[in-house]
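Chemist: Okay, so here is structure.pdb, and as you'll see once you scroll down, it has PDB, C-alpha atoms.
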ATOM      1  CA  MET A   1       7.254  27.024 -11.969
ATOM      2  CA  LEU A   2       4.569  26.703  -9.296
ATOM      3  CA  PHE A   3       1.875  26.736 -11.971
ATOM      4  CA  GLY A   4       3.612  23.819 -13.731
ATOM      5  CA  ILE A   5       3.826  21.816 -10.510
ATOM      6  CA  ALA A   6       0.161  22.513  -9.760
ATOM      7  CA  ALA A   7      -0.835  21.431 -13.287
ATOM      8  CA  VAL A   8       1.095  18.170 -12.985
ATOM      9  CA  ALA A   9      -0.387  17.511  -9.524
ATOM     10  CA  ALA A  10      -3.913  18.130 -10.837
ATOM     11  CA  ALA A  11      -3.355  15.789 -13.778
ATOM     12  CA  CYS A  12      -1.972  13.076 -11.517
ATOM     13  CA  ALA A  13      -4.941  13.381  -9.172
ATOM     14  CA  ARG A  14      -7.234  12.177 -11.962
ATOM     15  CA  LYS A  15      -5.123   9.157 -12.871
ATOM     16  CA  ALA A  16      -4.586   5.827 -11.154
ATOM     17  CA  PRO A  17      -1.942   5.855  -8.397
ATOM     18  CA  PRO A  18       1.706   5.183  -9.181
ATOM     19  CA  ALA A  19       2.826   1.574  -9.240
ATOM     20  CA  GLY A  20       4.259   1.737  -5.690
ATOM     21  CA  PRO A  21       4.810  -1.701  -4.183
ATOM     22  CA  ARG A  22       3.223  -3.375  -7.213
ATOM     23  CA  ALA A  23       6.463  -2.844  -9.122
ATOM     24  CA  LEU A  24       8.242  -5.123  -6.658
ATOM     25  CA  GLU A  25       6.000  -8.099  -7.171
ATOM     26  CA  SER A  26       4.802 -10.153 -10.076
ATOM     27  CA  ALA A  27       1.300 -11.443 -10.666
ATOM     28  CA  THR A  28       2.453 -14.927  -9.620
ATOM     29  CA  HIS A  29       2.350 -13.755  -5.977
ATOM     30  CA  CYS A  30      -1.389 -13.099  -6.172
ATOM     31  CA  GLY A  31      -3.611 -15.044  -3.879
ATOM     32  CA  ARG A  32      -7.021 -16.383  -4.680
ATOM     33  CA  ALA A  33     -10.173 -14.325  -4.421
ATOM     34  CA  MET A  34     -10.984 -13.455  -0.807
ATOM     35  CA  TRP A  35     -14.636 -14.410  -1.319
ATOM     36  CA  GLN A  36     -16.195 -16.621  -3.977
ATOM     37  CA  ALA A  37     -19.357 -15.582  -5.815
ATOM     38  CA  GLY A  38     -22.395 -16.007  -3.557
ATOM     39  CA  GLU A  39     -20.411 -16.122  -0.294
ATOM     40  CA  LEU A  40     -21.277 -13.714   2.493
ATOM     41  CA  ARG A  41     -18.687 -10.991   2.891
ATOM     42  CA  PRO A  42     -18.367  -7.699   4.760
ATOM     43  CA  ALA A  43     -20.203  -4.917   2.975
ATOM     44  CA  ASN A  44     -18.210  -1.935   4.220
ATOM     45  CA  VAL A  45     -14.799  -0.751   5.288
ATOM     46  CA  GLU A  46     -14.281   2.021   7.823
ATOM     47  CA  VAL A  47     -11.211   4.113   7.028
ATOM     48  CA  VAL A  48      -9.838   6.242   9.871
ATOM     49  CA  ASN A  49      -7.088   8.712   9.023
ATOM     50  CA  ARG A  50      -5.222   9.568  12.232
ATOM     51  CA  SER A  51      -2.239  10.885  10.313
ATOM     52  CA  ASP A  52      -1.385  14.519   9.609
ATOM     53  CA  ASP A  53      -1.586  13.940   5.841
ATOM     54  CA  SER A  54      -4.345  13.844   3.301
ATOM     55  CA  ILE A  55      -4.508  10.295   1.957
ATOM     56  CA  SER A  56      -5.855   8.290  -0.942
ATOM     57  CA  VAL A  57      -6.628   4.668  -0.032
ATOM     58  CA  TRP A  58      -6.720   1.869  -2.594
ATOM     59  CA  LEU A  59      -7.590  -1.845  -2.295
ATOM     60  CA  ASP A  60      -4.887  -4.015  -3.847
ATOM     61  CA  ARG A  61      -6.571  -6.413  -6.239
ATOM     62  CA  CYS A  62      -3.298  -7.979  -7.376
ATOM     63  CA  ASN A  63      -3.726  -7.142 -11.058
ATOM     64  CA  GLY A  64      -4.858  -3.627 -10.266
ATOM     65  CA  HIS A  65      -6.097  -1.299  -7.578
ATOM     66  CA  THR A  66      -9.522   0.071  -6.724
ATOM     67  CA  ARG A  67      -9.904   3.453  -5.047
ATOM     68  CA  VAL A  68     -11.586   3.085  -1.657
ATOM     69  CA  ALA A  69     -11.519   6.638  -0.275
ATOM     70  CA  ASP A  70      -9.773   9.998  -0.212
ATOM     71  CA  LEU A  71      -9.560  11.590   3.231
ATOM     72  CA  ALA A  72      -8.202  14.764   4.739
ATOM     73  CA  ALA A  73      -6.037  14.607   7.861
ATOM     74  CA  GLY A  74      -8.054  13.422  10.863
ATOM     75  CA  ASP A  75     -11.134  12.362   8.859
ATOM     76  CA  SER A  76     -12.928   9.012   8.835
ATOM     77  CA  VAL A  77     -15.485   7.480   6.514
ATOM     78  CA  VAL A  78     -17.424   4.238   6.025
ATOM     79  CA  VAL A  79     -17.523   3.148   2.380
ATOM     80  CA  THR A  80     -18.605   0.086   0.421
ATOM     81  CA  LEU A  81     -15.904  -2.576   0.207
ATOM     82  CA  PRO A  82     -15.059  -2.961  -3.501
ATOM     83  CA  ASN A  83     -15.593  -6.331  -5.173
ATOM     84  CA  GLY A  84     -12.651  -8.424  -6.300
ATOM     85  CA  ALA A  85     -10.573  -8.447  -3.115
ATOM     86  CA  VAL A  86      -7.633 -10.845  -3.228
ATOM     87  CA  SER A  87      -6.331 -12.788  -0.237
ATOM     88  CA  PHE A  88      -2.805 -11.895   0.830
ATOM     89  CA  ASN A  89      -2.171 -14.635   3.394
ATOM     90  CA  GLY A  90      -5.809 -14.366   4.487
ATOM     91  CA  LYS A  91      -5.780 -10.565   4.721
ATOM     92  CA  LEU A  92      -6.813  -7.627   2.582
ATOM     93  CA  ARG A  93      -4.051  -5.338   1.398
ATOM     94  CA  PHE A  94      -4.672  -1.597   1.295
ATOM     95  CA  ILE A  95      -2.223   0.887  -0.184
ATOM     96  CA  SER A  96      -2.356   4.474   1.013
ATOM     97  CA  TYR A  97      -0.768   7.362  -0.790
ATOM     98  CA  HIS A  98       0.068  10.110   1.689
ATOM     99  CA  ASP A  99       0.613  13.778   0.984
ATOM    100  CA  GLN A 100      -0.389  13.640  -2.707
ATOM    101  CA  GLY A 101       1.542  10.429  -3.407
ATOM    102  CA  ARG A 102       4.885  11.568  -1.983
ATOM    103  CA  ALA A 103       4.896   8.638   0.460
ATOM    104  CA  ILE A 104       3.280   5.226   0.326
ATOM    105  CA  SER A 105       2.269   2.761   3.021
ATOM    106  CA  VAL A 106       0.805  -0.718   2.839
ATOM    107  CA  GLN A 107      -1.511  -2.217   5.450
ATOM    108  CA  LEU A 108      -2.636  -5.822   5.738
ATOM    109  CA  VAL A 109      -6.045  -5.975   7.402
ATOM    110  CA  PRO A 110      -7.987  -9.041   8.603
ATOM    111  CA  PRO A 111     -11.290  -9.402   6.741
ATOM    112  CA  GLU A 112     -13.339  -9.613   9.947
ATOM    113  CA  ALA A 113     -16.075  -7.002  10.279
ATOM    114  CA  ASN A 114     -17.613  -5.724  13.504
ATOM    115  CA  PRO A 115     -19.730  -4.189  11.980
ATOM    116  CA  HIS A 116     -17.215  -3.011   9.309
ATOM    117  CA  ILE A 117     -13.692  -3.947   8.305
ATOM    118  CA  ARG A 118     -11.577  -1.305  10.037
ATOM    119  CA  LEU A 119      -8.509   0.327   8.499
ATOM    120  CA  VAL A 120      -6.714   2.795  10.781
ATOM    121  CA  LEU A 121      -3.895   4.939   9.407
ATOM    122  CA  SER A 122      -2.164   6.190  12.516
ATOM    123  CA  ARG A 123       0.903   8.097  11.374
ATOM    124  CA  ALA A 124       2.406   9.775   8.411
ATOM    125  CA  VAL A 125       4.909   7.863   6.363
ATOM    126  CA  ALA A 126       8.477   9.131   6.415
ATOM    127  CA  SER A 127       9.651  10.522   3.092
ATOM    128  CA  ASP A 128      12.667   8.165   3.043
ATOM    129  CA  CYS A 129      10.449   5.081   3.089
ATOM    130  CA  PRO A 130      10.622   2.265   2.368
ATOM    131  CA  HIS A 131      13.826   1.254   4.137
ATOM    132  CA  VAL A 132      15.993  -1.156   2.158
ATOM    133  CA  TYR A 133      17.815  -4.092   3.753
ATOM    134  CA  VAL A 134      20.298  -6.309   1.922
ATOM    135  CA  ASP A 135      21.045  -9.625   3.609
ATOM    136  CA  GLY A 136      19.594  -8.235   6.847
ATOM    137  CA  LYS A 137      21.656  -5.019   6.924
ATOM    138  CA  ARG A 138      20.335  -1.511   6.193
ATOM    139  CA  TYR A 139      21.318  -0.422   2.674
ATOM    140  CA  ASN A 140      21.447   3.325   2.005
ATOM    141  CA  ALA A 141      22.488   3.349  -1.646
ATOM    142  CA  PRO A 142      19.921   3.142  -4.471
ATOM    143  CA  LEU A 143      18.693  -0.361  -5.309
ATOM    144  CA  SER A 144      19.948   0.148  -8.841
ATOM    145  CA  THR A 145      23.511  -0.142  -7.504
ATOM    146  CA  LEU A 146      22.957  -3.826  -6.720
ATOM    147  CA  PRO A 147      24.035  -6.143  -9.561
ATOM    148  CA  GLY A 148      20.856  -7.808 -10.852
ATOM    149  CA  GLU A 149      22.523 -11.175 -11.419
ATOM    150  CA  ARG A 150      23.401 -11.384  -7.690
ATOM    151  CA  ILE A 151      19.820 -10.868  -6.417
ATOM    152  CA  GLU A 152      18.196 -14.059  -5.195
ATOM    153  CA  SER A 153      14.938 -12.561  -3.888
ATOM    154  CA  VAL A 154      13.172  -9.293  -3.155
ATOM    155  CA  GLU A 155      10.361  -9.032  -0.618
ATOM    156  CA  TYR A 156       8.184  -6.057   0.240
ATOM    157  CA  LEU A 157       7.287  -6.020   3.955
ATOM    158  CA  PRO A 158       4.344  -3.754   4.884
ATOM    159  CA  THR A 159       4.435  -1.322   7.766
ATOM    160  CA  LEU A 160       3.936  -2.947  11.153
ATOM    161  CA  PRO A 161       2.401  -1.055  14.102
ATOM    162  CA  ASP A 162       5.770  -0.611  15.847
ATOM    163  CA  GLU A 163       7.686   0.470  12.714
ATOM    164  CA  GLU A 164       7.916   3.813  10.973
ATOM    165  CA  CYS A 165       7.732   2.600   7.390
ATOM    166  CA  PRO A 166       7.678  -0.461   5.129
ATOM    167  CA  ARG A 167      10.839  -2.361   4.226
ATOM    168  CA  ILE A 168      12.260  -3.917   1.118
ATOM    169  CA  SER A 169      14.301  -6.991   1.979
ATOM    170  CA  VAL A 170      16.818  -8.150  -0.640
ATOM    171  CA  ARG A 171      18.666 -11.443  -0.385
ATOM    172  CA  LEU A 172      21.802 -11.880  -2.502
ATOM    173  CA  LYS A 173      23.037 -15.161  -3.921
ATOM    174  CA  GLN A 174      25.933 -16.561  -1.925
TER
END
Is it possible to express this structure as structure tokens?

Modeler:
Amino acid sequence: MLFGIAAVAAACARKAPPAGPRALESATHCGRAMWQAGELRPANVEVVNRSDDSISVWLDRCNGHTRVADLAAGDSVVVTLPNGAVSFNGKLRFISYHDQGRAISVQLVPPEANPHIRLVLSRAVASDCPHVYVDGKRYNAPLSTLPGERIESVEYLPTLPDEECPRISVRLKQ
């Protein structure tokens, strides 16, 4: 049994990350390129892992992801910022997979560099994340229990500094 789990984990480590928040959005929500060809842009991103988990950090490029770094708990690294960054309301969106992909967090980071763009992952993500809210109230049943024809909108809200985990906000038709 343990050998099978280890084999699956090793195979998954070589593949792209799971869809995560991408499954909640369509390509129509993609912003324009953060920087146009020939424009000056930050060269590097500093990733600081202050959590107790090992993490894999990916840059959300709207129609895909690019691996930025893999870090052990407490590590930090400065790496080259991948090309093709997309603007999400003027910010870069990084997705981090904690504890071998068991939990996911999303961070929106301003593109300002001094001297590098800085991404700080300060806490582990709770295993019950993201929290789901329907019409502003916490919803503890699976999303699949909501009738699809009644859903007006679904929004993924990244983790904020004062929150434990991201949220999925669902608005039902009245």

Chemist: So the first atom is CA of Pro147 (chain A) and the second is CA of Pro130 (chain A); what is the distance between them in Å, to one decimal place?

Modeler: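 Distance reported for this atom pair: 19.8 Å.
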
Chemist: So, with all atoms listed in the file as the atoms that count, which of A:Val120, A:Ala85, A:Ile151, A:Ala141 lies closest to Ala43 (chain A)?

Modeler: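 Smallest distance to Ala43 (chain A) is found for A:Ala85.
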
Chemist: Calculate how many Å separate CA of Glu112 (chain A) from CA of Pro42 (chain A), rounding to one decimal.

Modeler: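 For CA of Glu112 (chain A) relative to CA of Pro42 (chain A), the distance reads 7.5 Å.
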
Chemist: Pick from A:Val77, A:Leu71, A:Val45, A:Leu172: nearest to Arg118 (chain A), with all atoms listed in the file counted?

Modeler: A:Val45

Chemist: Just the residues within 8 Å of Ser96 (chain A), please, counting only C-alpha atoms, with nothing from its chain fewer than 4 positions along; format it as an MDAnalysis selection string.

Modeler: chainID A and resid 55:58 104:106
